[in-house]
$ cat run.pdb   # PDB, C-alpha atoms, pLDDT in the B column
ATOM      1  CA  MET A  25      14.850  -4.708  21.530  1.00 33.00           C
ATOM      2  CA  TYR A  26      18.143  -2.903  22.056  1.00 37.00           C
ATOM      3  CA  SER A  27      18.264   0.223  19.950  1.00 44.00           C
ATOM      4  CA  VAL A  28      20.909   2.835  19.271  1.00 44.00           C
ATOM      5  CA  TYR A  29      18.199   5.273  18.241  1.00 45.00           C
ATOM      6  CA  THR A  30      17.442   8.405  20.233  1.00 48.00           C
ATOM      7  CA  PRO A  31      14.044  10.146  19.962  1.00 48.00           C
ATOM      8  CA  GLN A  32      15.590  12.580  17.485  1.00 56.00           C
ATOM      9  CA  SER A  33      17.107   9.815  15.350  1.00 66.00           C
ATOM     10  CA  ILE A  34      13.761   7.951  15.318  1.00 75.00           C
ATOM     11  CA  GLU A  35      12.081  11.066  13.979  1.00 83.00           C
ATOM     12  CA  GLU A  36      14.808  11.417  11.347  1.00 85.00           C
ATOM     13  CA  SER A  37      14.423   7.753  10.383  1.00 87.00           C
ATOM     14  CA  LEU A  38      10.658   8.171   9.909  1.00 88.00           C
ATOM     15  CA  SER A  39      11.272  11.217   7.746  1.00 89.00           C
ATOM     16  CA  ARG A  40      13.757   9.252   5.595  1.00 90.00           C
ATOM     17  CA  TRP A  41      11.263   6.399   5.265  1.00 92.00           C
ATOM     18  CA  GLN A  42       8.539   8.725   4.011  1.00 91.00           C
ATOM     19  CA  GLN A  43      10.894  10.344   1.504  1.00 92.00           C
ATOM     20  CA  ILE A  44      12.099   6.987   0.151  1.00 94.00           C
ATOM     21  CA  CYS A  45       8.527   5.652  -0.130  1.00 94.00           C
ATOM     22  CA  HIS A  46       7.659   8.747  -2.158  1.00 94.00           C
ATOM     23  CA  TRP A  47      10.789   8.291  -4.300  1.00 95.00           C
ATOM     24  CA  ALA A  48       9.921   4.636  -4.967  1.00 95.00           C
ATOM     25  CA  ARG A  49       6.431   5.558  -6.123  1.00 94.00           C
ATOM     26  CA  GLN A  50       7.790   8.262  -8.404  1.00 94.00           C
ATOM     27  CA  HIS A  51      10.172   5.731  -9.987  1.00 94.00           C
ATOM     28  CA  ASP A  52       7.488   3.066 -10.493  1.00 95.00           C
ATOM     29  CA  ARG A  53       9.019   0.710  -7.937  1.00 96.00           C
ATOM     30  CA  CYS A  54       5.950   0.324  -5.749  1.00 96.00           C
ATOM     31  CA  TYR A  55       3.508  -2.567  -6.265  1.00 96.00           C
ATOM     32  CA  LEU A  56       0.224  -3.548  -4.648  1.00 97.00           C
ATOM     33  CA  TYR A  57      -0.579  -7.202  -3.915  1.00 98.00           C
ATOM     34  CA  GLN A  58      -3.720  -8.928  -2.747  1.00 98.00           C
ATOM     35  CA  LYS A  59      -3.986 -11.647  -0.107  1.00 97.00           C
ATOM     36  CA  ASP A  60      -2.004 -14.813  -0.957  1.00 96.00           C
ATOM     37  CA  GLU A  61      -0.649 -13.280  -4.172  1.00 97.00           C
ATOM     38  CA  PRO A  62       2.980 -14.334  -4.861  1.00 96.00           C
ATOM     39  CA  ILE A  63       5.618 -11.595  -4.934  1.00 96.00           C
ATOM     40  CA  THR A  64       8.258 -12.132  -7.601  1.00 92.00           C
ATOM     41  CA  CYS A  65      11.668 -11.316  -6.086  1.00 92.00           C
ATOM     42  CA  GLU A  66      15.144 -10.945  -7.544  1.00 89.00           C
ATOM     43  CA  SER A  67      18.134 -11.821  -5.377  1.00 83.00           C
ATOM     44  CA  GLU A  68      20.053  -8.590  -5.988  1.00 86.00           C
ATOM     45  CA  LEU A  69      17.188  -6.394  -4.791  1.00 94.00           C
ATOM     46  CA  ILE A  70      16.047  -5.384  -1.302  1.00 96.00           C
ATOM     47  CA  TYR A  71      12.304  -5.151  -0.809  1.00 97.00           C
ATOM     48  CA  PHE A  72      10.437  -3.024   1.716  1.00 97.00           C
ATOM     49  CA  VAL A  73       6.908  -3.415   3.028  1.00 96.00           C
ATOM     50  CA  ARG A  74       5.172  -0.052   2.854  1.00 95.00           C
ATOM     51  CA  ARG A  75       1.935  -1.421   4.304  1.00 95.00           C
ATOM     52  CA  GLY A  76       0.429  -4.829   4.994  1.00 97.00           C
ATOM     53  CA  VAL A  77       2.289  -8.067   5.790  1.00 97.00           C
ATOM     54  CA  VAL A  78       4.509 -10.307   3.668  1.00 98.00           C
ATOM     55  CA  ARG A  79       4.836 -14.025   4.388  1.00 97.00           C
ATOM     56  CA  LEU A  80       8.216 -15.642   3.720  1.00 97.00           C
ATOM     57  CA  SER A  81       8.218 -19.409   3.273  1.00 95.00           C
ATOM     58  CA  SER A  82      10.436 -22.211   1.992  1.00 92.00           C
ATOM     59  CA  GLN A  83      10.003 -25.669   0.557  1.00 85.00           C
ATOM     60  CA  PRO A  84      12.606 -28.262  -0.500  1.00 81.00           C
ATOM     61  CA  MET A  85      12.927 -28.616  -4.270  1.00 72.00           C
ATOM     62  CA  GLY A  86      11.159 -31.591  -5.792  1.00 64.00           C
ATOM     63  CA  THR A  87       8.834 -32.297  -2.847  1.00 60.00           C
ATOM     64  CA  LYS A  88       5.238 -33.356  -3.281  1.00 61.00           C
ATOM     65  CA  ASP A  89       2.475 -30.765  -3.238  1.00 59.00           C
ATOM     66  CA  ASP A  90       1.048 -32.204   0.000  1.00 63.00           C
ATOM     67  CA  ILE A  91       4.235 -31.268   1.917  1.00 73.00           C
ATOM     68  CA  LEU A  92       3.535 -28.094   3.873  1.00 79.00           C
ATOM     69  CA  PRO A  93       5.921 -25.192   3.202  1.00 87.00           C
ATOM     70  CA  SER A  94       7.844 -23.919   6.202  1.00 93.00           C
ATOM     71  CA  LEU A  95       6.721 -20.497   7.391  1.00 94.00           C
ATOM     72  CA  LEU A  96      10.001 -18.642   7.890  1.00 94.00           C
ATOM     73  CA  SER A  97       8.757 -15.240   9.003  1.00 95.00           C
ATOM     74  CA  LEU A  98       6.156 -12.513   8.676  1.00 97.00           C
ATOM     75  CA  VAL A  99       7.427  -9.102   7.604  1.00 97.00           C
ATOM     76  CA  GLY A 100       5.386  -6.064   8.584  1.00 95.00           C
ATOM     77  CA  ALA A 101       5.215  -2.449   7.515  1.00 93.00           C
ATOM     78  CA  ALA A 102       8.454  -0.419   7.429  1.00 92.00           C
ATOM     79  CA  GLN A 103      10.540  -3.620   7.391  1.00 95.00           C
ATOM     80  CA  PRO A 104      12.860  -4.907   4.620  1.00 95.00           C
ATOM     81  CA  PHE A 105      13.214  -8.412   3.244  1.00 96.00           C
ATOM     82  CA  GLU A 106      15.285 -10.151   0.594  1.00 94.00           C
ATOM     83  CA  LEU A 107      15.387 -13.623  -0.923  1.00 90.00           C
ATOM     84  CA  VAL A 108      18.685 -15.257  -1.822  1.00 83.00           C
ATOM     85  CA  ARG A 109      18.606 -18.108  -4.322  1.00 77.00           C
ATOM     86  CA  GLU A 110      19.275 -21.530  -2.811  1.00 74.00           C
ATOM     87  CA  LEU A 111      20.108 -24.696  -4.768  1.00 70.00           C
ATOM     88  CA  HIS A 112      17.872 -27.147  -2.923  1.00 81.00           C
ATOM     89  CA  VAL A 113      15.192 -24.901  -1.411  1.00 82.00           C
ATOM     90  CA  SER A 114      12.466 -22.844  -3.040  1.00 87.00           C
ATOM     91  CA  LEU A 115      11.964 -19.526  -1.232  1.00 91.00           C
ATOM     92  CA  GLN A 116       8.758 -17.574  -1.692  1.00 94.00           C
ATOM     93  CA  ALA A 117       7.416 -14.189  -0.664  1.00 96.00           C
ATOM     94  CA  THR A 118       3.627 -13.863  -0.558  1.00 97.00           C
ATOM     95  CA  ALA A 119       1.253 -11.081   0.415  1.00 98.00           C
ATOM     96  CA  HIS A 120      -0.288 -12.279   3.683  1.00 98.00           C
ATOM     97  CA  VAL A 121      -3.095  -9.703   3.796  1.00 97.00           C
ATOM     98  CA  LYS A 122      -4.993  -7.727   1.169  1.00 96.00           C
ATOM     99  CA  ASN A 123      -3.611  -4.439  -0.146  1.00 97.00           C
ATOM    100  CA  THR A 124      -0.022  -5.244   0.820  1.00 98.00           C
ATOM    101  CA  GLU A 125       2.236  -2.644  -0.759  1.00 97.00           C
ATOM    102  CA  VAL A 126       5.894  -3.395  -1.476  1.00 97.00           C
ATOM    103  CA  PHE A 127       8.660  -1.373  -3.094  1.00 96.00           C
ATOM    104  CA  TRP A 128      12.205  -2.305  -4.037  1.00 96.00           C
ATOM    105  CA  ILE A 129      15.669  -0.761  -4.119  1.00 95.00           C
ATOM    106  CA  GLN A 130      18.874  -2.129  -5.594  1.00 94.00           C
ATOM    107  CA  ALA A 131      21.325  -3.078  -2.874  1.00 90.00           C
ATOM    108  CA  SER A 132      23.899  -0.692  -4.347  1.00 91.00           C
ATOM    109  CA  GLU A 133      21.431   2.207  -4.066  1.00 92.00           C
ATOM    110  CA  VAL A 134      20.813   1.982  -0.318  1.00 92.00           C
ATOM    111  CA  ALA A 135      23.967   3.923   0.553  1.00 91.00           C
ATOM    112  CA  THR A 136      22.966   6.773  -1.772  1.00 91.00           C
ATOM    113  CA  PHE A 137      20.268   7.834   0.700  1.00 91.00           C
ATOM    114  CA  PRO A 138      22.024   9.477   3.696  1.00 90.00           C
ATOM    115  CA  GLY A 139      21.343   7.539   6.902  1.00 90.00           C
ATOM    116  CA  PHE A 140      19.185   4.900   5.227  1.00 92.00           C
ATOM    117  CA  GLU A 141      21.893   2.237   5.263  1.00 93.00           C
ATOM    118  CA  THR A 142      21.943   2.393   9.072  1.00 91.00           C
ATOM    119  CA  ASP A 143      18.155   2.092   9.157  1.00 92.00           C
ATOM    120  CA  VAL A 144      18.241  -1.014   6.954  1.00 93.00           C
ATOM    121  CA  LEU A 145      21.017  -2.689   8.962  1.00 93.00           C
ATOM    122  CA  GLN A 146      19.136  -1.982  12.191  1.00 92.00           C
ATOM    123  CA  ALA A 147      15.963  -3.476  10.725  1.00 93.00           C
ATOM    124  CA  PHE A 148      17.743  -6.657   9.588  1.00 94.00           C
ATOM    125  CA  ARG A 149      19.374  -6.909  13.019  1.00 94.00           C
ATOM    126  CA  TYR A 150      15.940  -6.750  14.623  1.00 93.00           C
ATOM    127  CA  GLN A 151      14.675  -9.479  12.282  1.00 94.00           C
ATOM    128  CA  HIS A 152      17.665 -11.651  13.179  1.00 95.00           C
ATOM    129  CA  GLN A 153      16.812 -11.315  16.864  1.00 94.00           C
ATOM    130  CA  ARG A 154      13.215 -12.312  16.175  1.00 94.00           C
ATOM    131  CA  HIS A 155      14.451 -15.310  14.170  1.00 95.00           C
ATOM    132  CA  MET A 156      16.588 -16.404  17.123  1.00 95.00           C
ATOM    133  CA  LEU A 157      13.523 -16.211  19.365  1.00 94.00           C
ATOM    134  CA  ARG A 158      11.512 -18.360  16.955  1.00 95.00           C
ATOM    135  CA  LEU A 159      14.296 -20.952  16.850  1.00 94.00           C
ATOM    136  CA  ASN A 160      14.518 -20.915  20.641  1.00 94.00           C
ATOM    137  CA  ASN A 161      10.778 -21.476  20.832  1.00 94.00           C
ATOM    138  CA  LEU A 162      11.163 -24.643  18.756  1.00 93.00           C
ATOM    139  CA  THR A 163      13.397 -26.151  21.448  1.00 92.00           C
ATOM    140  CA  ARG A 164      10.458 -26.316  23.849  1.00 87.00           C
ATOM    141  CA  GLY A 165       9.549 -29.929  24.508  1.00 87.00           C
ATOM    142  CA  ARG A 166       5.814 -30.120  23.841  1.00 93.00           C
ATOM    143  CA  VAL A 167       4.254 -29.172  20.521  1.00 95.00           C
ATOM    144  CA  VAL A 168       1.462 -27.310  22.319  1.00 95.00           C
ATOM    145  CA  ASP A 169       4.080 -25.120  24.037  1.00 95.00           C
ATOM    146  CA  GLN A 170       5.769 -24.448  20.689  1.00 96.00           C
ATOM    147  CA  LEU A 171       2.428 -23.463  19.153  1.00 96.00           C
ATOM    148  CA  LEU A 172       1.431 -21.178  22.013  1.00 95.00           C
ATOM    149  CA  GLY A 173       4.935 -19.692  22.135  1.00 95.00           C
ATOM    150  CA  TYR A 174       4.801 -18.923  18.421  1.00 96.00           C
ATOM    151  CA  LEU A 175       1.415 -17.220  18.761  1.00 96.00           C
ATOM    152  CA  HIS A 176       2.787 -15.084  21.575  1.00 95.00           C
ATOM    153  CA  LEU A 177       5.781 -14.110  19.444  1.00 95.00           C
ATOM    154  CA  VAL A 178       3.512 -13.067  16.576  1.00 96.00           C
ATOM    155  CA  GLY A 179       1.254 -11.232  19.000  1.00 94.00           C
ATOM    156  CA  GLU A 180       4.228  -9.478  20.577  1.00 92.00           C
ATOM    157  CA  GLU A 181       5.406  -8.241  17.179  1.00 94.00           C
ATOM    158  CA  PHE A 182       2.113  -7.446  15.424  1.00 95.00           C
ATOM    159  CA  GLY A 183      -0.579  -7.537  18.098  1.00 93.00           C
ATOM    160  CA  GLU A 184      -2.947  -4.753  19.058  1.00 91.00           C
ATOM    161  CA  GLU A 185      -3.692  -4.469  22.774  1.00 90.00           C
ATOM    162  CA  ASP A 186      -7.275  -4.009  23.955  1.00 86.00           C
ATOM    163  CA  ASN A 187      -9.117  -4.982  27.151  1.00 80.00           C
ATOM    164  CA  ARG A 188      -6.188  -7.009  28.532  1.00 86.00           C
ATOM    165  CA  GLU A 189      -5.962  -9.005  25.319  1.00 90.00           C
ATOM    166  CA  LEU A 190      -3.483  -9.007  22.466  1.00 92.00           C
ATOM    167  CA  HIS A 191      -5.270  -9.256  19.135  1.00 95.00           C
ATOM    168  CA  ILE A 192      -3.324 -10.630  16.162  1.00 96.00           C
ATOM    169  CA  PRO A 193      -4.727  -8.399  13.374  1.00 95.00           C
ATOM    170  CA  PHE A 194      -4.631 -11.033  10.635  1.00 96.00           C
ATOM    171  CA  ALA A 195      -5.556 -14.674  10.292  1.00 96.00           C
ATOM    172  CA  LEU A 196      -3.069 -17.542  10.315  1.00 96.00           C
ATOM    173  CA  THR A 197      -4.295 -20.785   8.781  1.00 95.00           C
ATOM    174  CA  HIS A 198      -3.749 -24.073  10.556  1.00 96.00           C
ATOM    175  CA  SER A 199      -1.426 -25.114   7.726  1.00 95.00           C
ATOM    176  CA  GLN A 200       0.655 -21.952   8.133  1.00 96.00           C
ATOM    177  CA  LEU A 201       0.931 -22.481  11.889  1.00 96.00           C
ATOM    178  CA  ALA A 202       1.932 -26.092  11.268  1.00 96.00           C
ATOM    179  CA  GLY A 203       4.628 -24.894   8.860  1.00 95.00           C
ATOM    180  CA  ALA A 204       5.895 -22.424  11.446  1.00 96.00           C
ATOM    181  CA  ILE A 205       6.516 -25.062  14.126  1.00 95.00           C
ATOM    182  CA  GLY A 206       7.229 -28.100  11.965  1.00 93.00           C
ATOM    183  CA  SER A 207       4.040 -29.968  12.863  1.00 94.00           C
ATOM    184  CA  THR A 208       0.968 -31.161  10.944  1.00 93.00           C
ATOM    185  CA  ARG A 209      -2.259 -29.321  10.208  1.00 94.00           C
ATOM    186  CA  VAL A 210      -4.305 -31.989  11.998  1.00 95.00           C
ATOM    187  CA  THR A 211      -2.191 -31.639  15.143  1.00 96.00           C
ATOM    188  CA  VAL A 212      -2.417 -27.844  15.095  1.00 96.00           C
ATOM    189  CA  THR A 213      -6.204 -27.981  14.686  1.00 96.00           C
ATOM    190  CA  ARG A 214      -6.497 -30.240  17.726  1.00 96.00           C
ATOM    191  CA  LEU A 215      -4.137 -28.183  19.853  1.00 96.00           C
ATOM    192  CA  LEU A 216      -5.874 -24.896  18.993  1.00 96.00           C
ATOM    193  CA  GLY A 217      -9.110 -26.471  20.193  1.00 95.00           C
ATOM    194  CA  ASP A 218      -7.431 -27.500  23.452  1.00 95.00           C
ATOM    195  CA  LEU A 219      -5.984 -23.993  23.938  1.00 95.00           C
ATOM    196  CA  ARG A 220      -9.423 -22.449  23.407  1.00 93.00           C
ATOM    197  CA  LYS A 221     -10.979 -24.719  26.010  1.00 94.00           C
ATOM    198  CA  VAL A 222      -8.490 -23.690  28.714  1.00 93.00           C
ATOM    199  CA  GLY A 223      -8.686 -19.992  27.831  1.00 92.00           C
ATOM    200  CA  GLU A 224      -5.153 -19.608  26.461  1.00 93.00           C
ATOM    201  CA  ILE A 225      -6.487 -18.211  23.174  1.00 94.00           C
ATOM    202  CA  ARG A 226      -9.715 -16.781  21.827  1.00 93.00           C
ATOM    203  CA  VAL A 227     -10.711 -16.940  18.151  1.00 92.00           C
ATOM    204  CA  GLN A 228     -12.524 -13.914  16.747  1.00 86.00           C
ATOM    205  CA  GLY A 229     -14.231 -13.258  13.426  1.00 83.00           C
ATOM    206  CA  GLY A 230     -12.148 -14.038  10.393  1.00 83.00           C
ATOM    207  CA  ASN A 231     -10.235 -16.679  12.376  1.00 87.00           C
ATOM    208  CA  ARG A 232      -8.095 -14.039  14.072  1.00 94.00           C
ATOM    209  CA  ILE A 233      -6.572 -15.123  17.361  1.00 96.00           C
ATOM    210  CA  SER A 234      -6.485 -13.133  20.597  1.00 95.00           C
ATOM    211  CA  LEU A 235      -4.240 -13.887  23.560  1.00 94.00           C
ATOM    212  CA  PRO A 236      -4.712 -12.867  27.181  1.00 90.00           C
ATOM    213  CA  ILE A 237      -1.931 -10.515  28.265  1.00 83.00           C
ATOM    214  CA  ALA A 238       0.140 -12.335  30.870  1.00 68.00           C
ATOM    215  CA  LYS A 239       1.511 -10.404  33.817  1.00 54.00           C
ATOM    216  CA  ASN A 240       4.757 -12.380  33.579  1.00 51.00           C
ATOM    217  CA  PRO A 241       5.366 -13.539  29.977  1.00 55.00           C
ATOM    218  CA  PRO A 242       7.612 -16.589  29.490  1.00 54.00           C
ATOM    219  CA  PRO A 243      11.306 -15.580  29.486  1.00 50.00           C
ATOM    220  CA  HIS A 244      11.868 -16.960  25.976  1.00 48.00           C
ATOM    221  CA  LEU A 245       9.580 -14.241  24.621  1.00 46.00           C
ATOM    222  CA  HIS A 246      11.891 -11.405  25.636  1.00 44.00           C
ATOM    223  CA  LEU A 247      14.644  -9.853  23.580  1.00 40.00           C
ATOM    224  CA  VAL A 248      17.918  -9.374  25.420  1.00 39.00           C
ATOM    225  CA  GLU A 249      18.748  -5.713  25.865  1.00 32.00           C
TER     226      GLU A 249
END
$ encode --input "run.pdb" --output "structure tokens"
Amino acid sequence: MYSVYTPQSIEESLSRWQQICHWARQHDRCYLYQKDEPITCESELIYFVRRGVVRLSSQPMGTKDDILPSLLSLVGAAQPFELVRELHVSLQATAHVKNTEVFWIQASEVATFPGFETDVLQAFRYQHQRHMLRLNNLTRGRVVDQLLGYLHLVGEEFGEEDNRELHIPFALTHSQLAGAIGSTRVTVTRLLGDLRKVGEIRVQGGNRISLPIAKNPPPHLHLVE
């Protein structure tokens, strides 16, 4: 990802983040959520993930319960998110893992913390780039390529490298993966089985997925510098 940050500015940004997290706790703006617990959001507030992962999803208003929600994005620690009310779509933020901690700031308050406004804009810019990559992945012809591409994108953003593998540190259900690529749960289940057989993925305990680290990752997985 292209960044305007220097090593010194990164250190300053981390210091600001710690101070603002402390401020949020002092002002009772920090909340702890357990896995799959909904996070109630107001449109005029900006939320920040202190630890854990938040899942953002959407579903058209008035649809049946058996229609899978679309998985829009996963927001990790030290990243902001916000939900804007839409007339025909229901947007939802949910704790994706246990002990996910989130705090909030009014949009008008961001500029009162010196330098923090730049940090927030840079973070949203990064998220926009990741969103463009996810959309680009959906243009791939075969569903199996879209599924594998999405797993690589998640692994690239959240994965932990070990023994030439990239371990996604949390589980993704087949329904969530289906919602991320616009497919069905049955199709995703079948394709995950196929990918396991050919060694493209490995499933560990707790249904966490590991990916072999490719020497030459597909070009659509790279951010443009």
$ closest_residue --input "run.pdb" --among "A:Thr124, A:Thr197, A:Asn160, A:Gln146" --to "Pro104 of chain A" --atoms "all atoms listed in the file"
A:Gln146
$ closest_residue --input "run.pdb" --among "A:Ile237, A:Val108, A:Ala202, A:Leu56" --to "Glu224 of chain A" --atoms "only C-alpha atoms"
A:Ile237
$ residues_near_point --input "run.pdb" --point "(0.5, -17.6, 20.7)" --cutoff "10 Å" --atoms "all atoms listed in the file" --output "VMD selection string"
chain A and resid 168 to 180 190 192 216 219 224 to 225 233 to 236
$ closest_residue --input "run.pdb" --among "A:Val167, A:Arg158, A:Asn231, A:Leu80" --to "Leu215 of chain A" --atoms "all atoms listed in the file"
A:Val167
$ resolve_selection --input "run.pdb" --expression "the PyMOL selection byres ((chain A and resi 147) around 12)" --output "short mmCIF file (atom, residue, chain, number, x, y, z; two decimals) with C-alpha atoms, keeping the file's coordinate frame"
data_model
loop_
_atom_site.label_atom_id
_atom_site.label_comp_id
_atom_site.auth_asym_id
_atom_site.auth_seq_id
_atom_site.Cartn_x
_atom_site.Cartn_y
_atom_site.Cartn_z
CA MET A 25 14.85 -4.71 21.53
CA TYR A 26 18.14 -2.90 22.06
CA SER A 27 18.26 0.22 19.95
CA VAL A 28 20.91 2.84 19.27
CA TYR A 29 18.20 5.27 18.24
CA SER A 37 14.42 7.75 10.38
CA PHE A 72 10.44 -3.02 1.72
CA VAL A 73 6.91 -3.42 3.03
CA VAL A 99 7.43 -9.10 7.60
CA GLY A 100 5.39 -6.06 8.58
CA ALA A 101 5.22 -2.45 7.52
CA ALA A 102 8.45 -0.42 7.43
CA GLN A 103 10.54 -3.62 7.39
CA PRO A 104 12.86 -4.91 4.62
CA PHE A 105 13.21 -8.41 3.24
CA PHE A 140 19.18 4.90 5.23
CA GLU A 141 21.89 2.24 5.26
CA THR A 142 21.94 2.39 9.07
CA ASP A 143 18.16 2.09 9.16
CA VAL A 144 18.24 -1.01 6.95
CA LEU A 145 21.02 -2.69 8.96
CA GLN A 146 19.14 -1.98 12.19
CA PHE A 148 17.74 -6.66 9.59
CA ARG A 149 19.37 -6.91 13.02
CA TYR A 150 15.94 -6.75 14.62
CA GLN A 151 14.68 -9.48 12.28
CA HIS A 152 17.66 -11.65 13.18
CA GLN A 153 16.81 -11.32 16.86
CA ARG A 154 13.22 -12.31 16.18
#
$ resolve_selection --input "run.pdb" --expression "the PyMOL selection byres ((chain A and resi 65) around 12)" --output "list in words"
Tyr55, Pro62, Ile63, Thr64, Glu66, Ser67, Glu68, Leu69, Ile70, Tyr71, Phe72, Leu80, Phe105, Glu106, Leu107, Val108, Arg109, Ser114, Leu115, Gln116, Ala117, Thr118, Val126, Phe127, Trp128, Ile129 and Gln130 of chain A
$ atom_distance --input "run.pdb" --atom1 "atom CA of Thr136 of chain A" --atom2 "atom CA of Cys54 of chain A"
18.6 Å
$ axis_aligned_box --input "run.pdb" --around "segment 129-142 of chain A" --padding-each-side "5 Å" --output "AutoDock Vina command-line options"
--center_x 19.8 --center_y 3.2 --center_z 1.7 --size_x 18.3 --size_y 22.6 --size_z 24.7
$ resolve_selection --input "run.pdb" --expression "the PyMOL selection byres ((chain A and resi 199) around 8)" --output "ChimeraX atom specification"
/A:92,197-198,200-203,208-209,212
$ atom_distance --input "run.pdb" --atom1 "atom CA of Ala135 of chain A" --atom2 "atom CA of Ser81 of chain A"
28.3 Å
